[in-house]
file query37.cif (mmCIF, C-alpha atoms, pLDDT in the B column; chains and numbers go by the auth columns)
data_protein
#
loop_
_atom_site.group_PDB
_atom_site.id
_atom_site.type_symbol
_atom_site.label_atom_id
_atom_site.label_comp_id
_atom_site.label_asym_id
_atom_site.label_seq_id
_atom_site.Cartn_x
_atom_site.Cartn_y
_atom_site.Cartn_z
_atom_site.B_iso_or_equiv
_atom_site.auth_seq_id
_atom_site.auth_asym_id
ATOM 1 C CA GLN A 1 0.000 0.000 0.000 91.00 1277 A
ATOM 2 C CA VAL A 2 0.987 3.564 -0.655 95.00 1278 A
ATOM 3 C CA GLN A 3 -0.230 6.482 1.414 97.00 1279 A
ATOM 4 C CA LEU A 4 -0.337 9.979 -0.010 98.00 1280 A
ATOM 5 C CA VAL A 5 -0.813 13.053 2.127 98.00 1281 A
ATOM 6 C CA GLU A 6 -1.319 16.453 0.528 98.00 1282 A
ATOM 7 C CA SER A 7 -0.753 19.763 2.245 98.00 1283 A
ATOM 8 C CA GLY A 8 -0.196 23.401 1.470 98.00 1284 A
ATOM 9 C CA GLY A 9 -3.632 24.454 0.354 97.00 1285 A
ATOM 10 C CA GLY A 10 -5.466 27.430 1.751 97.00 1286 A
ATOM 11 C CA LEU A 11 -7.263 30.665 1.043 97.00 1287 A
ATOM 12 C CA VAL A 12 -5.297 33.090 -1.083 97.00 1288 A
ATOM 13 C CA GLN A 13 -6.020 36.254 -2.986 97.00 1289 A
ATOM 14 C CA ALA A 14 -5.973 36.329 -6.742 98.00 1290 A
ATOM 15 C CA GLY A 15 -2.457 36.928 -7.997 97.00 1291 A
ATOM 16 C CA GLY A 16 -0.867 35.067 -5.122 97.00 1292 A
ATOM 17 C CA SER A 17 1.135 31.855 -5.129 97.00 1293 A
ATOM 18 C CA LEU A 18 1.047 28.523 -3.389 97.00 1294 A
ATOM 19 C CA ARG A 19 3.166 25.416 -3.192 98.00 1295 A
ATOM 20 C CA LEU A 20 1.329 22.196 -2.583 98.00 1296 A
ATOM 21 C CA SER A 21 3.103 19.152 -1.215 98.00 1297 A
ATOM 22 C CA CYS A 22 2.351 15.457 -1.508 98.00 1298 A
ATOM 23 C CA ALA A 23 4.250 13.128 0.788 97.00 1299 A
ATOM 24 C CA ALA A 24 4.317 9.461 -0.136 96.00 1300 A
ATOM 25 C CA SER A 25 4.855 6.696 2.400 95.00 1301 A
ATOM 26 C CA GLY A 26 4.410 2.967 2.723 94.00 1302 A
ATOM 27 C CA ASN A 27 5.474 0.577 -0.008 91.00 1303 A
ATOM 28 C CA ILE A 28 6.689 3.293 -2.360 90.00 1304 A
ATOM 29 C CA PHE A 29 9.207 1.150 -4.210 91.00 1305 A
ATOM 30 C CA GLY A 30 8.124 0.836 -7.811 90.00 1306 A
ATOM 31 C CA ILE A 31 6.161 4.070 -8.074 91.00 1307 A
ATOM 32 C CA TYR A 32 6.715 5.234 -11.627 91.00 1308 A
ATOM 33 C CA THR A 33 4.683 8.415 -11.868 96.00 1309 A
ATOM 34 C CA MET A 34 3.175 10.888 -9.498 97.00 1310 A
ATOM 35 C CA ALA A 35 0.679 13.471 -10.592 98.00 1311 A
ATOM 36 C CA TRP A 36 -1.604 16.253 -9.512 98.00 1312 A
ATOM 37 C CA TYR A 37 -5.267 16.482 -10.394 98.00 1313 A
ATOM 38 C CA ARG A 38 -7.887 18.963 -9.315 98.00 1314 A
ATOM 39 C CA GLN A 39 -11.633 19.016 -8.988 98.00 1315 A
ATOM 40 C CA ALA A 40 -13.589 22.225 -8.888 96.00 1316 A
ATOM 41 C CA PRO A 41 -17.098 22.361 -7.429 91.00 1317 A
ATOM 42 C CA GLY A 42 -19.596 20.843 -9.840 94.00 1318 A
ATOM 43 C CA LYS A 43 -16.907 19.752 -12.281 96.00 1319 A
ATOM 44 C CA GLN A 44 -15.085 16.557 -13.089 97.00 1320 A
ATOM 45 C CA ARG A 45 -11.616 15.867 -11.812 97.00 1321 A
ATOM 46 C CA GLU A 46 -9.014 17.112 -14.290 97.00 1322 A
ATOM 47 C CA PHE A 47 -5.369 16.355 -14.851 98.00 1323 A
ATOM 48 C CA VAL A 48 -2.877 19.087 -13.946 98.00 1324 A
ATOM 49 C CA ALA A 49 0.633 17.648 -14.278 98.00 1325 A
ATOM 50 C CA ARG A 50 2.703 14.544 -13.707 97.00 1326 A
ATOM 51 C CA ILE A 51 6.333 13.693 -13.087 97.00 1327 A
ATOM 52 C CA THR A 52 8.127 10.391 -13.539 95.00 1328 A
ATOM 53 C CA ASN A 53 10.765 8.945 -11.264 91.00 1329 A
ATOM 54 C CA ALA A 54 13.290 10.051 -13.903 92.00 1330 A
ATOM 55 C CA GLY A 55 12.130 13.632 -13.592 93.00 1331 A
ATOM 56 C CA SER A 56 10.227 13.918 -16.848 96.00 1332 A
ATOM 57 C CA THR A 57 7.215 16.194 -16.633 98.00 1333 A
ATOM 58 C CA VAL A 58 3.981 16.572 -18.542 98.00 1334 A
ATOM 59 C CA TYR A 59 1.415 19.332 -18.111 98.00 1335 A
ATOM 60 C CA ALA A 60 -2.141 19.710 -19.237 97.00 1336 A
ATOM 61 C CA ASP A 61 -2.199 22.306 -21.992 95.00 1337 A
ATOM 62 C CA SER A 62 -4.329 24.667 -19.929 91.00 1338 A
ATOM 63 C CA MET A 63 -1.901 24.421 -16.997 90.00 1339 A
ATOM 64 C CA LYS A 64 1.288 25.336 -18.820 90.00 1340 A
ATOM 65 C CA GLY A 65 2.959 28.478 -17.593 93.00 1341 A
ATOM 66 C CA ARG A 66 1.613 28.974 -14.071 96.00 1342 A
ATOM 67 C CA PHE A 67 1.972 25.431 -12.726 98.00 1343 A
ATOM 68 C CA THR A 68 5.258 23.698 -11.943 98.00 1344 A
ATOM 69 C CA ILE A 69 5.575 20.130 -10.730 98.00 1345 A
ATOM 70 C CA SER A 70 8.746 19.004 -9.008 97.00 1346 A
ATOM 71 C CA SER A 71 9.926 16.277 -6.696 96.00 1347 A
ATOM 72 C CA ASP A 72 12.352 15.580 -3.894 93.00 1348 A
ATOM 73 C CA ALA A 73 13.269 11.916 -3.955 89.00 1349 A
ATOM 74 C CA ASP A 74 15.002 12.080 -0.583 89.00 1350 A
ATOM 75 C CA LYS A 75 11.763 13.261 1.012 90.00 1351 A
ATOM 76 C CA ASN A 76 9.471 11.113 -1.158 93.00 1352 A
ATOM 77 C CA THR A 77 7.571 14.293 -1.853 96.00 1353 A
ATOM 78 C CA VAL A 78 6.125 15.852 -4.955 97.00 1354 A
ATOM 79 C CA TYR A 79 5.298 19.532 -5.170 98.00 1355 A
ATOM 80 C CA LEU A 80 2.994 21.669 -7.256 98.00 1356 A
ATOM 81 C CA SER A 81 3.802 25.359 -7.397 98.00 1357 A
ATOM 82 C CA ILE A 82 1.099 27.651 -8.683 98.00 1358 A
ATOM 83 C CA THR A 83 1.687 31.304 -9.459 97.00 1359 A
ATOM 84 C CA ASN A 84 -0.671 34.129 -10.357 97.00 1360 A
ATOM 85 C CA LEU A 85 -3.579 32.268 -8.830 97.00 1361 A
ATOM 86 C CA LYS A 86 -7.005 32.936 -10.296 97.00 1362 A
ATOM 87 C CA PRO A 87 -10.466 32.362 -8.843 96.00 1363 A
ATOM 88 C CA GLU A 88 -10.969 29.585 -11.391 96.00 1364 A
ATOM 89 C CA ASP A 89 -8.078 27.706 -9.765 97.00 1365 A
ATOM 90 C CA THR A 90 -10.334 27.126 -6.766 97.00 1366 A
ATOM 91 C CA ALA A 91 -10.539 23.363 -6.387 98.00 1367 A
ATOM 92 C CA LEU A 92 -9.619 20.361 -4.335 98.00 1368 A
ATOM 93 C CA TYR A 93 -6.157 19.328 -5.464 98.00 1369 A
ATOM 94 C CA TYR A 94 -5.366 15.619 -5.359 98.00 1370 A
ATOM 95 C CA CYS A 95 -2.098 13.743 -5.525 98.00 1371 A
ATOM 96 C CA ASN A 96 -1.925 10.514 -7.494 97.00 1372 A
ATOM 97 C CA ALA A 97 0.711 7.788 -7.649 97.00 1373 A
ATOM 98 C CA VAL A 98 0.988 5.044 -10.229 94.00 1374 A
ATOM 99 C CA LYS A 99 2.552 1.777 -9.188 93.00 1375 A
ATOM 100 C CA VAL A 100 1.490 -0.632 -11.857 88.00 1376 A
ATOM 101 C CA PRO A 101 -1.139 -1.975 -11.757 92.00 1377 A
ATOM 102 C CA GLU A 102 -2.373 0.171 -8.883 93.00 1378 A
ATOM 103 C CA ARG A 103 -3.248 3.845 -8.696 95.00 1379 A
ATOM 104 C CA TYR A 104 -3.299 5.588 -5.358 97.00 1380 A
ATOM 105 C CA TRP A 105 -4.974 8.834 -4.361 97.00 1381 A
ATOM 106 C CA GLY A 106 -4.589 11.205 -1.472 97.00 1382 A
ATOM 107 C CA GLN A 107 -7.440 12.940 0.306 97.00 1383 A
ATOM 108 C CA GLY A 108 -6.788 16.263 -1.353 97.00 1384 A
ATOM 109 C CA THR A 109 -5.923 19.755 -0.217 98.00 1385 A
ATOM 110 C CA GLN A 110 -8.319 22.631 -0.774 98.00 1386 A
ATOM 111 C CA VAL A 111 -7.217 25.719 -2.655 98.00 1387 A
ATOM 112 C CA THR A 112 -9.563 28.678 -2.581 98.00 1388 A
ATOM 113 C CA VAL A 113 -8.742 31.831 -4.491 98.00 1389 A
ATOM 114 C CA SER A 114 -10.610 35.001 -3.679 97.00 1390 A
ATOM 115 C CA SER A 115 -11.044 37.782 -6.208 92.00 1391 A
#
call {"tool": "encode", "arguments": {"input": "query37.cif", "output": "structure tokens"}}
result
Amino acid sequence: QVQLVESGGGLVQAGGSLRLSCAASGNIFGIYTMAWYRQAPGKQREFVARITNAGSTVYADSMKGRFTISSDADKNTVYLSITNLKPEDTALYYCNAVKVPERYWGQGTQVTVSS
């Protein structure tokens, strides 16, 4: 089993920045990819970005520019930095880990952006 714990969310004003963290623990050997998703109220969960254990990154087209995914292997932690936050970024942000054939999810961290 893999446990994922997100943190770093909060209430911020538009134009501000946040760095979300996702700490992985448990049987983490073999995790190939970790990713961030988000789900806004009344909407489906959407992909934000992912990073492989080799450091390769992929972003959703709509997330390029203001979102940066990174990782610290020593801390088993993945980060998502968001700049110039907009009210439409308000969502529950989830961490995801792929360890074939399983996918693991965290409980999410809430980001609320006020205008």
call {"tool": "closest_residue", "arguments": {"input": "query37.cif", "among": "A:Phe1323, A:Val1376, A:Ser1357, A:Ser1391", "to": "A:Gly1284", "atoms": "all atoms listed in the file"}}
result
A:Ser1357
call {"tool": "atom_distance", "arguments": {"input": "query37.cif", "atom1": "atom CA of A:Ser1338", "atom2": "atom CA of A:Leu1294"}}
result
17.8 Å
call {"tool": "resolve_selection", "arguments": {"input": "query37.cif", "expression": "the PyMOL selection byres ((chain A and resi 1352) around 9)", "output": "PyMOL selection string"}}
result
chain A and resi 1298-1301+1304+1347-1351+1353-1354
call {"tool": "axis_aligned_box", "arguments": {"input": "query37.cif", "around": "stretch 1361-1377 of chain A", "padding_each_side": "3 Å", "output": "lines of an AutoDock Vina configuration file"}}
result
center_x = -4.2
center_y = 15.5
center_z = -8.1
size_x = 19.5
size_y = 40.9
size_z = 13.5
call {"tool": "atom_distance", "arguments": {"input": "query37.cif", "atom1": "atom CA of A:Gly1286", "atom2": "atom CA of A:Asp1337"}}
result
24.5 Å
call {"tool": "residues_around", "arguments": {"input": "query37.cif", "residues": "stretch 1305-1321 of chain A", "least_positions_apart": "3", "cutoff": "10 Å", "atoms": "all atoms listed in the file", "output": "PyMOL selection string"}}
result
chain A and resi 1278+1296-1298+1300-1302+1324-1336+1345-1347+1353-1356+1364-1376+1378-1382+1384-1388
call {"tool": "write_last_selection", "arguments": {"input": "query37.cif", "atoms": "C-alpha atoms", "output": "PDB file, in the coordinates of the input"}}
result
ATOM      1  CA  VAL A1278       0.987   3.564  -0.655  1.00 95.00           C
ATOM      2  CA  LEU A1296       1.329  22.196  -2.583  1.00 98.00           C
ATOM      3  CA  SER A1297       3.103  19.152  -1.215  1.00 98.00           C
ATOM      4  CA  CYS A1298       2.351  15.457  -1.508  1.00 98.00           C
ATOM      5  CA  ALA A1300       4.317   9.461  -0.136  1.00 96.00           C
ATOM      6  CA  SER A1301       4.855   6.696   2.400  1.00 95.00           C
ATOM      7  CA  GLY A1302       4.410   2.967   2.723  1.00 94.00           C
ATOM      8  CA  VAL A1324      -2.877  19.087 -13.946  1.00 98.00           C
ATOM      9  CA  ALA A1325       0.633  17.648 -14.278  1.00 98.00           C
ATOM     10  CA  ARG A1326       2.703  14.544 -13.707  1.00 97.00           C
ATOM     11  CA  ILE A1327       6.333  13.693 -13.087  1.00 97.00           C
ATOM     12  CA  THR A1328       8.127  10.391 -13.539  1.00 95.00           C
ATOM     13  CA  ASN A1329      10.765   8.945 -11.264  1.00 91.00           C
ATOM     14  CA  ALA A1330      13.290  10.051 -13.903  1.00 92.00           C
ATOM     15  CA  GLY A1331      12.130  13.632 -13.592  1.00 93.00           C
ATOM     16  CA  SER A1332      10.227  13.918 -16.848  1.00 96.00           C
ATOM     17  CA  THR A1333       7.215  16.194 -16.633  1.00 98.00           C
ATOM     18  CA  VAL A1334       3.981  16.572 -18.542  1.00 98.00           C
ATOM     19  CA  TYR A1335       1.415  19.332 -18.111  1.00 98.00           C
ATOM     20  CA  ALA A1336      -2.141  19.710 -19.237  1.00 97.00           C
ATOM     21  CA  ILE A1345       5.575  20.130 -10.730  1.00 98.00           C
ATOM     22  CA  SER A1346       8.746  19.004  -9.008  1.00 97.00           C
ATOM     23  CA  SER A1347       9.926  16.277  -6.696  1.00 96.00           C
ATOM     24  CA  THR A1353       7.571  14.293  -1.853  1.00 96.00           C
ATOM     25  CA  VAL A1354       6.125  15.852  -4.955  1.00 97.00           C
ATOM     26  CA  TYR A1355       5.298  19.532  -5.170  1.00 98.00           C
ATOM     27  CA  LEU A1356       2.994  21.669  -7.256  1.00 98.00           C
ATOM     28  CA  GLU A1364     -10.969  29.585 -11.391  1.00 96.00           C
ATOM     29  CA  ASP A1365      -8.078  27.706  -9.765  1.00 97.00           C
ATOM     30  CA  THR A1366     -10.334  27.126  -6.766  1.00 97.00           C
ATOM     31  CA  ALA A1367     -10.539  23.363  -6.387  1.00 98.00           C
ATOM     32  CA  LEU A1368      -9.619  20.361  -4.335  1.00 98.00           C
ATOM     33  CA  TYR A1369      -6.157  19.328  -5.464  1.00 98.00           C
ATOM     34  CA  TYR A1370      -5.366  15.619  -5.359  1.00 98.00           C
ATOM     35  CA  CYS A1371      -2.098  13.743  -5.525  1.00 98.00           C
ATOM     36  CA  ASN A1372      -1.925  10.514  -7.494  1.00 97.00           C
ATOM     37  CA  ALA A1373       0.711   7.788  -7.649  1.00 97.00           C
ATOM     38  CA  VAL A1374       0.988   5.044 -10.229  1.00 94.00           C
ATOM     39  CA  LYS A1375       2.552   1.777  -9.188  1.00 93.00           C
ATOM     40  CA  VAL A1376       1.490  -0.632 -11.857  1.00 88.00           C
ATOM     41  CA  GLU A1378      -2.373   0.171  -8.883  1.00 93.00           C
ATOM     42  CA  ARG A1379      -3.248   3.845  -8.696  1.00 95.00           C
ATOM     43  CA  TYR A1380      -3.299   5.588  -5.358  1.00 97.00           C
ATOM     44  CA  TRP A1381      -4.974   8.834  -4.361  1.00 97.00           C
ATOM     45  CA  GLY A1382      -4.589  11.205  -1.472  1.00 97.00           C
ATOM     46  CA  GLY A1384      -6.788  16.263  -1.353  1.00 97.00           C
ATOM     47  CA  THR A1385      -5.923  19.755  -0.217  1.00 98.00           C
ATOM     48  CA  GLN A1386      -8.319  22.631  -0.774  1.00 98.00           C
ATOM     49  CA  VAL A1387      -7.217  25.719  -2.655  1.00 98.00           C
ATOM     50  CA  THR A1388      -9.563  28.678  -2.581  1.00 98.00           C
TER      51      THR A1388
END
call {"tool": "closest_residue", "arguments": {"input": "query37.cif", "among": "A:Thr1359, A:Gln1277, A:Asn1303, A:Ser1283", "to": "A:Thr1344", "atoms": "only C-alpha atoms"}}
result
A:Thr1359
call {"tool": "atom_distance", "arguments": {"input": "query37.cif", "atom1": "atom CA of A:Gly1341", "atom2": "atom CA of A:Asn1360"}}
result
9.9 Å
call {"tool": "resolve_selection", "arguments": {"input": "query37.cif", "expression": "the PyMOL selection byres ((chain A and resi 1390) around 8)", "output": "PyMOL selection string"}}
result
chain A and resi 1287-1290+1362-1363+1388-1389+1391
